[in-house]
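Here is query-v3.pdb, consisting of PDB, C-alpha atoms:
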ATOM      1  CA  MET A   1     -25.435  -0.497  -4.635  1.00  0.00           C
ATOM      2  CA  LEU A   2     -23.392  -1.774  -1.676  1.00  0.00           C
ATOM      3  CA  ASN A   3     -25.411   0.319   0.761  1.00  0.00           C
ATOM      4  CA  ASN A   4     -28.368  -2.055   0.330  1.00  0.00           C
ATOM      5  CA  ILE A   5     -26.505  -5.132   1.617  1.00  0.00           C
ATOM      6  CA  GLY A   6     -27.825  -5.892   5.058  1.00  0.00           C
ATOM      7  CA  LEU A   7     -27.038  -8.567   7.605  1.00  0.00           C
ATOM      8  CA  PRO A   8     -28.855 -11.325   5.678  1.00  0.00           C
ATOM      9  CA  GLY A   9     -26.923 -10.464   2.525  1.00  0.00           C
ATOM     10  CA  LEU A  10     -23.591 -10.529   4.360  1.00  0.00           C
ATOM     11  CA  LEU A  11     -24.440 -13.887   5.915  1.00  0.00           C
ATOM     12  CA  LEU A  12     -25.336 -15.282   2.507  1.00  0.00           C
ATOM     13  CA  ILE A  13     -22.033 -14.070   1.050  1.00  0.00           C
ATOM     14  CA  ALA A  14     -20.120 -15.593   3.991  1.00  0.00           C
ATOM     15  CA  VAL A  15     -21.832 -18.962   3.512  1.00  0.00           C
ATOM     16  CA  VAL A  16     -21.128 -18.972  -0.241  1.00  0.00           C
ATOM     17  CA  VAL A  17     -17.452 -18.134   0.324  1.00  0.00           C
ATOM     18  CA  LEU A  18     -17.205 -20.835   2.985  1.00  0.00           C
ATOM     19  CA  VAL A  19     -18.716 -23.428   0.654  1.00  0.00           C
ATOM     20  CA  LEU A  20     -16.515 -22.434  -2.286  1.00  0.00           C
ATOM     21  CA  PHE A  21     -13.175 -22.242  -0.501  1.00  0.00           C
ATOM     22  CA  GLY A  22     -13.627 -24.419   2.567  1.00  0.00           C
ATOM     23  CA  ARG A  23     -12.759 -23.702   6.179  1.00  0.00           C
ATOM     24  CA  GLY A  24      -9.077 -24.647   5.899  1.00  0.00           C
ATOM     25  CA  LYS A  25      -8.362 -22.378   2.957  1.00  0.00           C
ATOM     26  CA  ILE A  26     -10.086 -19.392   4.587  1.00  0.00           C
ATOM     27  CA  SER A  27      -8.250 -19.854   7.889  1.00  0.00           C
ATOM     28  CA  SER A  28      -4.872 -20.095   6.147  1.00  0.00           C
ATOM     29  CA  LEU A  29      -5.710 -16.993   4.116  1.00  0.00           C
ATOM     30  CA  MET A  30      -6.594 -15.070   7.278  1.00  0.00           C
ATOM     31  CA  GLY A  31      -3.327 -16.245   8.850  1.00  0.00           C
ATOM     32  CA  GLU A  32      -1.399 -14.832   5.896  1.00  0.00           C
ATOM     33  CA  VAL A  33      -3.291 -11.547   6.167  1.00  0.00           C
ATOM     34  CA  GLY A  34      -2.357 -11.362   9.860  1.00  0.00           C
ATOM     35  CA  LYS A  35       1.317 -12.004   9.079  1.00  0.00           C
ATOM     36  CA  GLY A  36       1.236  -9.267   6.450  1.00  0.00           C
ATOM     37  CA  ILE A  37      -0.265  -6.754   8.857  1.00  0.00           C
ATOM     38  CA  THR A  38       2.336  -7.650  11.496  1.00  0.00           C
ATOM     39  CA  ALA A  39       5.177  -7.240   8.990  1.00  0.00           C
ATOM     40  CA  PHE A  40       3.789  -3.880   7.869  1.00  0.00           C
ATOM     41  CA  LYS A  41       3.565  -2.599  11.450  1.00  0.00           C
ATOM     42  CA  ARG A  42       7.114  -3.795  12.161  1.00  0.00           C
ATOM     43  CA  GLY A  43       8.401  -2.010   9.052  1.00  0.00           C
ATOM     44  CA  VAL A  44       6.679   1.235   9.994  1.00  0.00           C
ATOM     45  CA  LYS A  45       8.069   1.022  13.539  1.00  0.00           C
ATOM     46  CA  ASP A  46      11.601   0.305  12.301  1.00  0.00           C
ATOM     47  CA  SER A  47      11.553   3.187   9.832  1.00  0.00           C
ATOM     48  CA  THR A  48      10.175   5.556  12.484  1.00  0.00           C
ATOM     49  CA  GLU A  49      12.949   4.570  14.889  1.00  0.00           C
ATOM     50  CA  GLU A  50      15.543   5.015  12.142  1.00  0.00           C
ATOM     51  CA  LEU A  51      14.250   8.508  11.354  1.00  0.00           C
ATOM     52  CA  GLU A  52      14.304   9.445  15.039  1.00  0.00           C
ATOM     53  CA  ASN A  53      17.896   8.202  15.361  1.00  0.00           C
ATOM     54  CA  ASN A  54      18.907  10.217  12.306  1.00  0.00           C
ATOM     55  CA  MET A  55      17.230  13.309  13.726  1.00  0.00           C
ATOM     56  CA  ASP A  56      19.075  12.878  17.024  1.00  0.00           C
ATOM     57  CA  SER A  57      22.431  12.600  15.313  1.00  0.00           C
ATOM     58  CA  ALA A  58      21.802  15.506  12.933  1.00  0.00           C
ATOM     59  CA  LYS A  59      23.934  18.563  13.584  1.00  0.00           C
ATOM     60  CA  ASP A  60      22.198  21.871  14.237  1.00  0.00           C
ATOM     61  CA  VAL A  61      23.478  24.316  11.598  1.00  0.00           C
ATOM     62  CA  SER A  62      21.191  27.229  12.355  1.00  0.00           C
ATOM     63  CA  PRO A  63      22.827  30.661  12.814  1.00  0.00           C
ATOM     64  CA  GLU A  64      21.680  30.708  16.438  1.00  0.00           C
ATOM     65  CA  ALA A  65      23.544  27.470  17.150  1.00  0.00           C
ATOM     66  CA  GLU A  66      26.721  28.874  15.605  1.00  0.00           C
ATOM     67  CA  THR A  67      26.616  32.001  17.792  1.00  0.00           C
ATOM     68  CA  LYS A  68      26.070  29.880  20.901  1.00  0.00           C
ATOM     69  CA  GLU A  69      29.114  27.766  20.010  1.00  0.00           C
ATOM     70  CA  LYS A  70      31.230  30.900  19.506  1.00  0.00           C
ATOM     71  CA  ASP A  71      30.058  32.309  22.861  1.00  0.00           C
ATOM     72  CA  LYS A  72      31.142  29.113  24.635  1.00  0.00           C
ATOM     73  CA  ALA A  73      34.633  29.293  23.169  1.00  0.00           C
TER      74      ALA A  73
END

Would you mind giving the structure from this file in structure tokens?
Amino acid sequence: MLNNIGLPGLLLIAVVVLVLFGRGKISSLMGEVGKGITAFKRGVKDSTEELENNMDSAKDVSPEAETKEKDKA
């Protein structure tokens, strides 16, 4: 069904939406979408950095690490 929508159909939909909602409402809606995307990216970046910090501070408890520590002592 949606595969049959061509460029003229998309233009018609865009014009109808513009008439129904107006230019101001659409621009404010797009601004809110942009803010949401920015907040999502920031959250993903923060959580990735937090995971990396936790991985750096994690102690190695493998048997190989224990034997290396005993050899140093």

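A straight line drawn from CA of Ser27 (chain A) to CA of Val15 (chain A) is 14.3 Å long.
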
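Between CA of Lys25 (chain A) and CA of Leu10 (chain A) the interatomic distance comes to 19.3 Å.
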
Practice problem: Would you mind reading off the distance between CA of Val17 (chain A) and CA of Val33 (chain A), one decimal, in Å? | Solution: 16.7 Å
